[in-house]
Amino acid sequence: MNSVTVSTPSKKYYVHTGAELLSAAGEIAAPLRGTGKALIVSDSNVAPLYAERVQKSLDHAGFTHQLHVIPAGEQSKNIHSLFPLLNAMASFGMTRADTVFALGGGVIGDMGGLAASLYMRGIGLVQLPTSLLAAVDSSVGGKTAIDLDAGKNLVGTFYQPDLVLYDTDTIATLPGEQLANGFGEIVKTGMIRDERLFKASAAEKIDAAAIANLVHRCVEIKRDVVRSDEKETGLRMILNFGHTFGHAVEKCSNFSIPHGFCVAVGMALITAACVKRRICEPEVYSRLVAALRVRGLPAATRYSADDLFASMMADKKRASNTVTLVLPREIGVVERRKVMLDEAREFLEEGLELTKNAQEAVA
Ligand code: NAD
Ligand code: GLY
């Protein structure tokens, strides 16, 4: 088992990565949270696969528990699922001494985290990520959210979990597309902070042990970033590399394209524009696109600049008439640049122009 300690101004917690951790969830959580009430929040794909392991473990540790299941997918990450979840917490009679166990991918982690932060102004939260994307990114760092019709993650809080347990056995049931989805965020983490991680993420052959190592390294990097900027006032913005245009692709697709695929496209667009502007060498773009190809991720989009820009307007990262873009300089090095919206549109158009004839998968 690998462990990382995340220390933020608001909370300090462990992120454990290893085999059979779902079956140990109750035992590991009990000393941290006490054995009160536990609401397992999960989705319709993950609950049939893994809820029983968590239930048995909670039984064994002495928790009283219930299971709340939400239909799988981004379409559930909204107010219509959040309210029934909050009502379920109230009907169960939960108090601040009790704990939400968010068992699933980023959708469940983001919404379960938001519910835990809102209910009684904050109760316990254990993140049990089951998707690769949730393991490497969303379960760590305390961002919680739901989407609005106007855009992604427009309602949310910063609320750190009390514990994160990534059971590497869950990768066995993860569909291939979801593995690629997680690699979108792994490639991103290499691009912003660590060339070695980037190279490892682009290896032709990759086994479960190698993936566990990649998860561990991503969590270490996220720990370092979040420790120095919990509330995204500066450095943490680098974690949004590829997201400004990626979220626009996601919204244009009505959330039908997985998040990591959209981030992949967003990284390709912004990197292509940076080559044009000589912010980075062409090799940065070609290596990025090669890594995305190896992992089965797209590097171009069929949506128009008009459609993507309209979607960007609603993105929460837009402060008045500016947006902070994260620009690659080298593999492993990025800079933050606050630009006017007109200039952001120019970056987008340049990225679309340069990627349109690429022989790469299109989202
Ligand atoms: P998801 O939660 O929809 O999971 C993807 C799919 O995989 C779902 O169908 C789910 O049921 C299934 N699944 C998950 N684990 C499985 C397993 N072990 N076996 C079989 N099926 C499994 O999506 P995601 O890609 O995990 O997360 C995307 C979400 O995370 C987006 O909403 C995104 O905005 C958010 N996100 C948040 C942060 C953050 O910092 N909070 C960071 C990145 C992404
Ligand atoms: N996923 C971006 C962040 O946690 O800040």
# chains A, B, ... in the order shown; residues from 1 in each chain; ligands from 1
call {"tool": "residues_near_ligand", "arguments": {"ligand": "ligand 1", "cutoff": "8 Å", "atoms": "only C-alpha atoms and all ligand atoms", "output": "NGL selection string"}}
result
:A and (43-46 or 49 or 72-74 or 77 or 104-110 or 129-134 or 137-147 or 152-153 or 170-175 or 178 or 181-182 or 185 or 258-260)
call {"tool": "residues_around", "arguments": {"residues": "A:Cys262", "least_positions_apart": "6", "cutoff": "9 Å", "atoms": "only C-alpha atoms", "output": "JSON, numbers by chain"}}
result
{"A": [181, 184, 242, 243, 245, 246, 247, 248, 249, 250, 297, 298, 299, 301, 363]}
call {"tool": "select_by_dssp", "arguments": {"residues": "stretch 141-190 of chain A", "states": "strand (DSSP E)", "output": "MDAnalysis selection string"}}
result
chainID A and resid 143:148 151:158 163:167
call {"tool": "write_last_selection", "arguments": {"atoms": "N, CA and C atoms", "output": "mmCIF file, in the first residue's frame"}}
result
data_model
loop_
_atom_site.group_PDB
_atom_site.id
_atom_site.type_symbol
_atom_site.label_atom_id
_atom_site.label_comp_id
_atom_site.auth_asym_id
_atom_site.auth_seq_id
_atom_site.Cartn_x
_atom_site.Cartn_y
_atom_site.Cartn_z
ATOM 1 N N LYS A 143 -12.161 19.706 -4.071
ATOM 2 C CA LYS A 143 -13.145 20.415 -4.891
ATOM 3 C C LYS A 143 -14.401 19.559 -5.001
ATOM 4 N N THR A 144 -15.544 20.149 -4.707
ATOM 5 C CA THR A 144 -16.817 19.449 -4.845
ATOM 6 C C THR A 144 -17.692 20.270 -5.777
ATOM 7 N N ALA A 145 -18.637 19.646 -6.432
ATOM 8 C CA ALA A 145 -19.442 20.434 -7.384
ATOM 9 C C ALA A 145 -20.622 19.650 -7.939
ATOM 10 N N ILE A 146 -21.583 20.429 -8.439
ATOM 11 C CA ILE A 146 -22.567 19.921 -9.403
ATOM 12 C C ILE A 146 -22.570 20.879 -10.598
ATOM 13 N N ASP A 147 -23.157 20.410 -11.693
ATOM 14 C CA ASP A 147 -23.247 21.227 -12.903
ATOM 15 C C ASP A 147 -24.581 21.984 -12.931
ATOM 16 N N LEU A 148 -24.605 23.092 -13.648
ATOM 17 C CA LEU A 148 -25.856 23.777 -13.986
ATOM 18 C C LEU A 148 -26.047 23.664 -15.495
ATOM 19 N N GLY A 151 -23.312 25.452 -17.314
ATOM 20 C CA GLY A 151 -21.926 24.999 -17.422
ATOM 21 C C GLY A 151 -21.545 24.033 -16.320
ATOM 22 N N LYS A 152 -20.331 23.520 -16.441
ATOM 23 C CA LYS A 152 -19.842 22.498 -15.512
ATOM 24 C C LYS A 152 -19.400 23.084 -14.188
ATOM 25 N N ASN A 153 -19.679 22.347 -13.131
ATOM 26 C CA ASN A 153 -19.110 22.654 -11.808
ATOM 27 C C ASN A 153 -19.400 24.078 -11.337
ATOM 28 N N LEU A 154 -20.542 24.614 -11.746
ATOM 29 C CA LEU A 154 -20.813 26.022 -11.408
ATOM 30 C C LEU A 154 -21.261 26.192 -9.961
ATOM 31 N N VAL A 155 -21.690 25.114 -9.319
ATOM 32 C CA VAL A 155 -22.062 25.188 -7.896
ATOM 33 C C VAL A 155 -21.174 24.217 -7.135
ATOM 34 N N GLY A 156 -20.420 24.734 -6.183
ATOM 35 C CA GLY A 156 -19.546 23.822 -5.451
ATOM 36 C C GLY A 156 -18.901 24.470 -4.248
ATOM 37 N N THR A 157 -18.080 23.679 -3.579
ATOM 38 C CA THR A 157 -17.391 24.147 -2.370
ATOM 39 C C THR A 157 -15.965 23.584 -2.393
ATOM 40 N N PHE A 158 -15.130 24.149 -1.548
ATOM 41 C CA PHE A 158 -13.864 23.486 -1.232
ATOM 42 C C PHE A 158 -14.095 22.760 0.079
ATOM 43 N N LEU A 163 -10.506 11.220 4.581
ATOM 44 C CA LEU A 163 -9.736 10.033 4.203
ATOM 45 C C LEU A 163 -10.041 9.729 2.735
ATOM 46 N N VAL A 164 -9.024 9.247 2.005
ATOM 47 C CA VAL A 164 -9.237 8.759 0.637
ATOM 48 C C VAL A 164 -8.635 7.365 0.540
ATOM 49 N N LEU A 165 -9.425 6.413 0.080
ATOM 50 C CA LEU A 165 -8.930 5.038 -0.103
ATOM 51 C C LEU A 165 -9.150 4.639 -1.549
ATOM 52 N N TYR A 166 -8.066 4.420 -2.297
ATOM 53 C CA TYR A 166 -8.215 3.916 -3.665
ATOM 54 C C TYR A 166 -7.858 2.436 -3.680
ATOM 55 N N ASP A 167 -8.879 1.616 -3.871
ATOM 56 C CA ASP A 167 -8.696 0.163 -3.943
ATOM 57 C C ASP A 167 -8.336 -0.185 -5.389
#
call {"tool": "residues_around", "arguments": {"residues": "A:Glu335", "least_positions_apart": "6", "cutoff": "8 Å", "atoms": "only C-alpha atoms", "output": "list in words"}}
result
Ile238, Val326, Leu327, Pro328 and Arg329 of chain A
call {"tool": "write_last_selection", "arguments": {"atoms": "N, CA, C and O atoms", "output": "PDB file, in the first residue's frame"}}
result
ATOM      1  N   ILE A 238      -2.893  25.659 -12.258  1.00  0.00           N
ATOM      2  CA  ILE A 238      -2.194  24.832 -13.255  1.00  0.00           C
ATOM      3  C   ILE A 238      -2.874  23.477 -13.429  1.00  0.00           C
ATOM      4  O   ILE A 238      -2.739  22.836 -14.467  1.00  0.00           O
ATOM      5  N   VAL A 326      -3.643  28.241 -18.960  1.00  0.00           N
ATOM      6  CA  VAL A 326      -2.438  27.533 -18.517  1.00  0.00           C
ATOM      7  C   VAL A 326      -1.705  27.097 -19.787  1.00  0.00           C
ATOM      8  O   VAL A 326      -2.250  26.337 -20.595  1.00  0.00           O
ATOM      9  N   LEU A 327      -0.496  27.619 -19.960  1.00  0.00           N
ATOM     10  CA  LEU A 327       0.224  27.466 -21.230  1.00  0.00           C
ATOM     11  C   LEU A 327       1.456  26.595 -21.043  1.00  0.00           C
ATOM     12  O   LEU A 327       2.271  26.850 -20.140  1.00  0.00           O
ATOM     13  N   PRO A 328       1.634  25.574 -21.892  1.00  0.00           N
ATOM     14  CA  PRO A 328       2.828  24.730 -21.762  1.00  0.00           C
ATOM     15  C   PRO A 328       4.059  25.433 -22.317  1.00  0.00           C
ATOM     16  O   PRO A 328       4.010  26.041 -23.385  1.00  0.00           O
ATOM     17  N   ARG A 329       5.169  25.330 -21.577  1.00  0.00           N
ATOM     18  CA  ARG A 329       6.452  25.866 -22.080  1.00  0.00           C
ATOM     19  C   ARG A 329       7.344  24.705 -22.503  1.00  0.00           C
ATOM     20  O   ARG A 329       8.009  24.740 -23.518  1.00  0.00           O
TER      21      ARG A 329
END
call {"tool": "atom_distance", "arguments": {"atom1": "atom CA of A:Ser201", "atom2": "atom CA of A:Val215"}}
result
10.3 Å
call {"tool": "atom_distance", "arguments": {"atom1": "atom CA of A:Ala209", "atom2": "atom CA of A:Pro161"}}
result
25.7 Å
call {"tool": "closest_residue", "arguments": {"among": "A:Leu58, A:Ala264, A:Ala150, A:Met191", "to": "A:Val284", "atoms": "only C-alpha atoms"}}
result
A:Met191
call {"tool": "atom_distance", "arguments": {"atom1": "atom CA of A:Arg293", "atom2": "atom CA of A:Glu343"}}
result
28.8 Å
call {"tool": "select_by_dssp", "arguments": {"residues": "stretch 141-199 of chain A", "states": "alpha helix (DSSP H)", "output": "PyMOL selection string"}}
result
chain A and resi 176-193+195-199
call {"tool": "closest_residue", "arguments": {"among": "A:Phe347, A:Tyr13, A:Tyr50, A:Phe198", "to": "A:Thr244", "atoms": "only C-alpha atoms"}}
result
A:Phe347
call {"tool": "closest_residue", "arguments": {"among": "A:Phe255, A:Phe309, A:Tyr159, A:Phe63", "to": "ligand 2", "atoms": "only C-alpha atoms and all ligand atoms"}}
result
A:Tyr159
call {"tool": "residues_around", "arguments": {"residues": "A:Ile270", "least_positions_apart": "2", "cutoff": "12 Å", "atoms": "only C-alpha atoms", "output": "number ranges by chain"}}
result
A: 240-246, 263-268, 272-277, 279-280, 284-285, 288-289, 299-300, 325-329, 334, 344-355
call {"tool": "closest_residue", "arguments": {"among": "A:Gln66, A:Thr322, A:Thr233, A:Gln127", "to": "A:Asp342", "atoms": "only C-alpha atoms"}}
result
A:Thr322
